[in-house]
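Peer 1: What follows is the file protein.pdb, containing PDB, C-alpha atoms:
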```pdb
ATOM      1  CA  GLY E  29     -18.790  -2.471   2.553  1.00  0.00           C
ATOM      2  CA  PRO E  30     -15.263  -1.083   2.229  1.00  0.00           C
ATOM      3  CA  TYR E  31     -16.466   2.346   1.112  1.00  0.00           C
ATOM      4  CA  ASP E  32     -19.082   2.929   3.813  1.00  0.00           C
ATOM      5  CA  ASP E  33     -16.692   5.233   5.671  1.00  0.00           C
ATOM      6  CA  PRO E  34     -14.061   7.528   4.165  1.00  0.00           C
ATOM      7  CA  ILE E  35     -10.446   6.367   4.249  1.00  0.00           C
ATOM      8  CA  VAL E  36      -7.366   8.559   3.916  1.00  0.00           C
ATOM      9  CA  LYS E  37      -4.616   6.893   1.903  1.00  0.00           C
ATOM     10  CA  ARG E  38      -1.756   7.914  -0.337  1.00  0.00           C
ATOM     11  CA  VAL E  39      -2.293   7.512  -4.093  1.00  0.00           C
ATOM     12  CA  ILE E  40       0.639   5.396  -5.235  1.00  0.00           C
ATOM     13  CA  ALA E  41      -0.310   4.638  -8.850  1.00  0.00           C
ATOM     14  CA  THR E  42      -2.931   5.750 -11.354  1.00  0.00           C
ATOM     15  CA  GLU E  43      -4.468   4.180 -14.456  1.00  0.00           C
ATOM     16  CA  GLY E  44      -2.041   2.501 -16.815  1.00  0.00           C
ATOM     17  CA  GLN E  45       0.863   2.583 -14.391  1.00  0.00           C
ATOM     18  CA  THR E  46       2.610  -0.642 -13.386  1.00  0.00           C
ATOM     19  CA  LEU E  47       3.344  -0.892  -9.709  1.00  0.00           C
ATOM     20  CA  ILE E  48       5.977  -3.283  -8.393  1.00  0.00           C
ATOM     21  CA  MET E  49       6.369  -3.756  -4.649  1.00  0.00           C
ATOM     22  CA  ASN E  50       9.390  -5.719  -3.525  1.00  0.00           C
ATOM     23  CA  PHE E  51       8.506  -6.674   0.039  1.00  0.00           C
ATOM     24  CA  LYS E  52      11.870  -8.272   0.758  1.00  0.00           C
ATOM     25  CA  GLU E  53      13.647  -5.027  -0.158  1.00  0.00           C
ATOM     26  CA  GLU E  54      10.785  -2.850   1.153  1.00  0.00           C
ATOM     27  CA  ARG E  55      10.838  -0.863  -2.076  1.00  0.00           C
ATOM     28  CA  VAL E  56       8.073   0.343  -4.408  1.00  0.00           C
ATOM     29  CA  TYR E  57       8.575   1.002  -8.122  1.00  0.00           C
ATOM     30  CA  ILE E  58       6.251   2.786 -10.545  1.00  0.00           C
ATOM     31  CA  ASP E  59       6.925   2.027 -14.210  1.00  0.00           C
ATOM     32  CA  GLY E  60      10.406   0.881 -13.212  1.00  0.00           C
ATOM     33  CA  VAL E  61      11.312   3.967 -11.153  1.00  0.00           C
ATOM     34  CA  MET E  62      11.852   3.459  -7.427  1.00  0.00           C
ATOM     35  CA  LEU E  63       9.807   5.759  -5.198  1.00  0.00           C
ATOM     36  CA  GLU E  64      11.653   7.716  -2.535  1.00  0.00           C
ATOM     37  CA  GLU E  65       9.264   6.983   0.295  1.00  0.00           C
ATOM     38  CA  ASP E  66      10.480   8.960   3.294  1.00  0.00           C
ATOM     39  CA  TYR E  67       6.899   8.879   4.576  1.00  0.00           C
ATOM     40  CA  ALA E  68       6.585   5.075   4.644  1.00  0.00           C
ATOM     41  CA  LYS E  69       6.987   3.178   7.893  1.00  0.00           C
ATOM     42  CA  TYR E  70       7.940  -0.488   7.890  1.00  0.00           C
ATOM     43  CA  PHE E  71       7.835  -1.937  11.363  1.00  0.00           C
ATOM     44  CA  TYR E  72       6.206  -4.815  13.172  1.00  0.00           C
ATOM     45  CA  PRO E  73       3.229  -3.428  15.110  1.00  0.00           C
ATOM     46  CA  TYR E  74       3.833  -5.622  18.171  1.00  0.00           C
ATOM     47  CA  GLY E  75       7.527  -4.938  18.641  1.00  0.00           C
ATOM     48  CA  GLY E  76      10.594  -6.709  17.346  1.00  0.00           C
ATOM     49  CA  SER E  77      12.058  -6.514  13.896  1.00  0.00           C
ATOM     50  CA  SER E  78      13.257  -8.760  11.117  1.00  0.00           C
ATOM     51  CA  GLU E  79      14.646  -8.247   7.653  1.00  0.00           C
ATOM     52  CA  ASN E  80      11.806 -10.434   6.366  1.00  0.00           C
ATOM     53  CA  ILE E  81       8.928  -9.129   8.482  1.00  0.00           C
ATOM     54  CA  THR E  82       7.232  -7.322   5.586  1.00  0.00           C
ATOM     55  CA  TYR E  83       7.598 -10.405   3.405  1.00  0.00           C
ATOM     56  CA  ARG E  84       6.057 -12.587   6.125  1.00  0.00           C
ATOM     57  CA  TYR E  85       3.228 -10.105   6.627  1.00  0.00           C
ATOM     58  CA  HIS E  86       2.235 -10.251   2.970  1.00  0.00           C
ATOM     59  CA  ASN E  87       2.516 -14.028   2.904  1.00  0.00           C
ATOM     60  CA  SER E  88       0.132 -14.138   5.870  1.00  0.00           C
ATOM     61  CA  LEU E  89      -2.360 -11.997   3.917  1.00  0.00           C
ATOM     62  CA  LEU E  90      -1.979 -14.410   1.015  1.00  0.00           C
ATOM     63  CA  TYR E  91      -2.663 -17.439   3.205  1.00  0.00           C
ATOM     64  CA  GLN E  92      -5.715 -15.724   4.717  1.00  0.00           C
ATOM     65  CA  GLY E  93      -7.062 -15.184   1.199  1.00  0.00           C
ATOM     66  CA  ASN E  94      -7.005 -11.473   1.980  1.00  0.00           C
ATOM     67  CA  LEU E  95      -4.209 -10.303  -0.328  1.00  0.00           C
ATOM     68  CA  PHE E  96      -5.765  -8.499  -3.309  1.00  0.00           C
ATOM     69  CA  GLY E  97      -5.314 -10.626  -6.422  1.00  0.00           C
ATOM     70  CA  GLY E  98      -3.496 -13.338  -4.482  1.00  0.00           C
ATOM     71  CA  THR E  99      -0.905 -15.232  -6.482  1.00  0.00           C
ATOM     72  CA  GLU E 100      -2.077 -13.500  -9.671  1.00  0.00           C
ATOM     73  CA  TYR E 101      -0.191 -10.420  -8.462  1.00  0.00           C
ATOM     74  CA  TYR E 102       2.075 -11.691  -5.702  1.00  0.00           C
ATOM     75  CA  ASN E 103       4.996 -14.105  -5.920  1.00  0.00           C
ATOM     76  CA  GLU E 104       5.613 -15.301  -2.382  1.00  0.00           C
ATOM     77  CA  ALA E 105       8.978 -16.859  -3.271  1.00  0.00           C
ATOM     78  CA  THR E 106      10.416 -13.526  -4.399  1.00  0.00           C
ATOM     79  CA  GLY E 107       8.231 -11.267  -2.252  1.00  0.00           C
ATOM     80  CA  VAL E 108       7.302  -9.237  -5.345  1.00  0.00           C
ATOM     81  CA  TYR E 109       3.791  -7.891  -5.998  1.00  0.00           C
ATOM     82  CA  THR E 110       3.087  -6.547  -9.504  1.00  0.00           C
ATOM     83  CA  VAL E 111      -0.099  -4.864 -10.742  1.00  0.00           C
ATOM     84  CA  THR E 112      -1.079  -2.617 -13.620  1.00  0.00           C
ATOM     85  CA  VAL E 113      -3.798  -0.184 -12.615  1.00  0.00           C
ATOM     86  CA  PRO E 114      -6.872  -0.380 -14.861  1.00  0.00           C
ATOM     87  CA  LYS E 115      -8.584   2.576 -16.529  1.00  0.00           C
ATOM     88  CA  ASP E 116     -10.382   5.007 -14.192  1.00  0.00           C
ATOM     89  CA  HIS E 117      -8.843   3.447 -11.064  1.00  0.00           C
ATOM     90  CA  ILE E 118      -6.091   4.214  -8.559  1.00  0.00           C
ATOM     91  CA  PHE E 119      -3.971   2.098  -6.219  1.00  0.00           C
ATOM     92  CA  VAL E 120      -3.683   3.466  -2.690  1.00  0.00           C
ATOM     93  CA  MET E 121      -1.457   2.554   0.237  1.00  0.00           C
ATOM     94  CA  GLY E 122      -1.231   3.680   3.830  1.00  0.00           C
ATOM     95  CA  ASP E 123       2.087   4.947   5.118  1.00  0.00           C
ATOM     96  CA  ASN E 124       2.229   2.335   7.878  1.00  0.00           C
ATOM     97  CA  ARG E 125       2.903  -0.582   5.576  1.00  0.00           C
ATOM     98  CA  LEU E 126       2.413  -3.341   8.151  1.00  0.00           C
ATOM     99  CA  ASN E 127      -0.863  -2.057   9.541  1.00  0.00           C
ATOM    100  CA  SER E 128      -2.957  -0.499   6.800  1.00  0.00           C
ATOM    101  CA  ALA E 129      -6.162  -1.517   5.062  1.00  0.00           C
ATOM    102  CA  ASP E 130      -5.449  -0.308   1.538  1.00  0.00           C
ATOM    103  CA  SER E 131      -5.369  -1.530  -2.074  1.00  0.00           C
ATOM    104  CA  ARG E 132      -3.289  -4.520  -1.034  1.00  0.00           C
ATOM    105  CA  VAL E 133      -6.263  -6.098   0.722  1.00  0.00           C
ATOM    106  CA  SER E 134      -9.152  -7.756  -1.082  1.00  0.00           C
ATOM    107  CA  GLN E 135     -11.810  -5.577   0.567  1.00  0.00           C
ATOM    108  CA  ILE E 136     -10.393  -2.492  -1.153  1.00  0.00           C
ATOM    109  CA  GLY E 137      -8.233  -3.400  -4.170  1.00  0.00           C
ATOM    110  CA  PHE E 138      -8.234  -0.954  -7.071  1.00  0.00           C
ATOM    111  CA  VAL E 139     -10.297   2.121  -6.172  1.00  0.00           C
ATOM    112  CA  HIS E 140     -12.521   3.605  -8.882  1.00  0.00           C
ATOM    113  CA  GLU E 141     -11.957   7.335  -9.341  1.00  0.00           C
ATOM    114  CA  ASP E 142     -15.677   7.915  -8.682  1.00  0.00           C
ATOM    115  CA  PHE E 143     -15.026   7.016  -5.031  1.00  0.00           C
ATOM    116  CA  VAL E 144     -12.390   9.727  -4.576  1.00  0.00           C
ATOM    117  CA  VAL E 145     -14.029  12.501  -2.563  1.00  0.00           C
ATOM    118  CA  GLY E 146     -11.162  14.830  -1.686  1.00  0.00           C
ATOM    119  CA  LYS E 147      -7.505  15.467  -1.096  1.00  0.00           C
ATOM    120  CA  ALA E 148      -5.829  15.785   2.300  1.00  0.00           C
ATOM    121  CA  VAL E 149      -3.963  19.079   2.557  1.00  0.00           C
ATOM    122  CA  PHE E 150      -3.297  19.508   6.299  1.00  0.00           C
ATOM    123  CA  ARG E 151      -2.184  17.249   9.165  1.00  0.00           C
ATOM    124  CA  LEU E 152      -3.432  17.969  12.685  1.00  0.00           C
ATOM    125  CA  PHE E 153      -2.171  14.885  14.552  1.00  0.00           C
ATOM    126  CA  PRO E 154       0.349  14.144  15.819  1.00  0.00           C
ATOM    127  CA  PHE E 155       0.972  17.691  16.991  1.00  0.00           C
ATOM    128  CA  SER E 156       4.704  17.160  16.450  1.00  0.00           C
ATOM    129  CA  ALA E 157       3.991  16.920  12.711  1.00  0.00           C
ATOM    130  CA  ILE E 158       1.210  19.512  12.406  1.00  0.00           C
ATOM    131  CA  GLY E 159       1.129  21.466   9.151  1.00  0.00           C
ATOM    132  CA  GLY E 160       0.472  21.382   5.436  1.00  0.00           C
ATOM    133  CA  LEU E 161       1.032  18.205   3.479  1.00  0.00           C
ATOM    134  CA  TYR E 162       2.305  19.825   0.283  1.00  0.00           C
TER
END
```
In structure tokens, write the structure found in this file.
Peer 2:
Amino acid sequence: GPYDDPIVKRVIATEGQTLIMNFKEERVYIDGVMLEEDYAKYFYPYGGSSENITYRYHNSLLYQGNLFGGTEYYNEATGVYTVTVPKDHIFVMGDNRLNSADSRVSQIGFVHEDFVVGKAVFRLFPFSAIGGLY
């Protein structure tokens, strides 16, 4: 299952918060406030770039039936994904937004707080970015 091995992801939203991801703008909002995401990387993993690559990526997840919540949460015409996190759950995302198994995929979705086992405090790799995370 999805929780057989630990995953390290960034907590983006907690219970009761409404998360809006605009994949055409490559912006994330929590309760209407845009996150300053200096840590997030938006790039096509196989080279090349496009202003709509993120939008196309999420549409491809939708067509594969692998986008968490499907059209209940995601409007492919606008490229906007909207969820409200239920009680005792969190919504997590990886920093590499085009190559990350996180709450956006059906296998993971909302993560119950009981599955949270720790908090990353130090980065070892890459060596160029070694150091504390806070």
Peer 1: Show me the residues close to (5.1, 6.9, 9.0) - anything with an atom within 9 Å, counting all atoms listed in the file - and format the list as JSON, numbers by chain.
Peer 2: {"E": [66, 67, 68, 69, 70, 122, 123, 124, 125]}
Peer 1: Generate the output file for the selected residues, C-alpha atoms, as a compact mmCIF listing (two decimals), keeping the file's coordinate frame.
Peer 2:
```txt
# COMPACT_ATOMS: atom_id res chain seq x y z
CA ASP E 66 10.48 8.96 3.29
CA TYR E 67 6.90 8.88 4.58
CA ALA E 68 6.58 5.08 4.64
CA LYS E 69 6.99 3.18 7.89
CA TYR E 70 7.94 -0.49 7.89
CA GLY E 122 -1.23 3.68 3.83
CA ASP E 123 2.09 4.95 5.12
CA ASN E 124 2.23 2.34 7.88
CA ARG E 125 2.90 -0.58 5.58
```
Peer 1: Kindly indicate which residue among E:Ile136, E:Val145, E:Val56, E:Val111 lies nearest to Gly44 in chain E, using only C-alpha atoms for the distances.
Peer 2: E:Val111
Peer 1: Between E:Phe96, E:Tyr83, E:Tyr91, E:Phe119, which has the minimum distance to Arg38 in chain E (counting only C-alpha atoms)?
Peer 2: E:Phe119
Peer 1: Do you have the CA of Glu53 in chain E-CA of Val108 in chain E distance handy?
Peer 2: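 We find that CA of Glu53 in chain E and CA of Val108 in chain E lie 9.2 Å from each other.
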Peer 1: Specify as JSON, numbers by chain each residue included when the PyMOL selection byres ((chain E and resi 97-102) around 12) is applied to this file.
Peer 2: {"E": [46, 47, 48, 49, 50, 51, 83, 86, 87, 88, 89, 90, 91, 92, 93, 94, 95, 96, 103, 104, 105, 106, 107, 108, 109, 110, 111, 112, 113, 131, 132, 133, 134, 135, 136, 137, 138]}
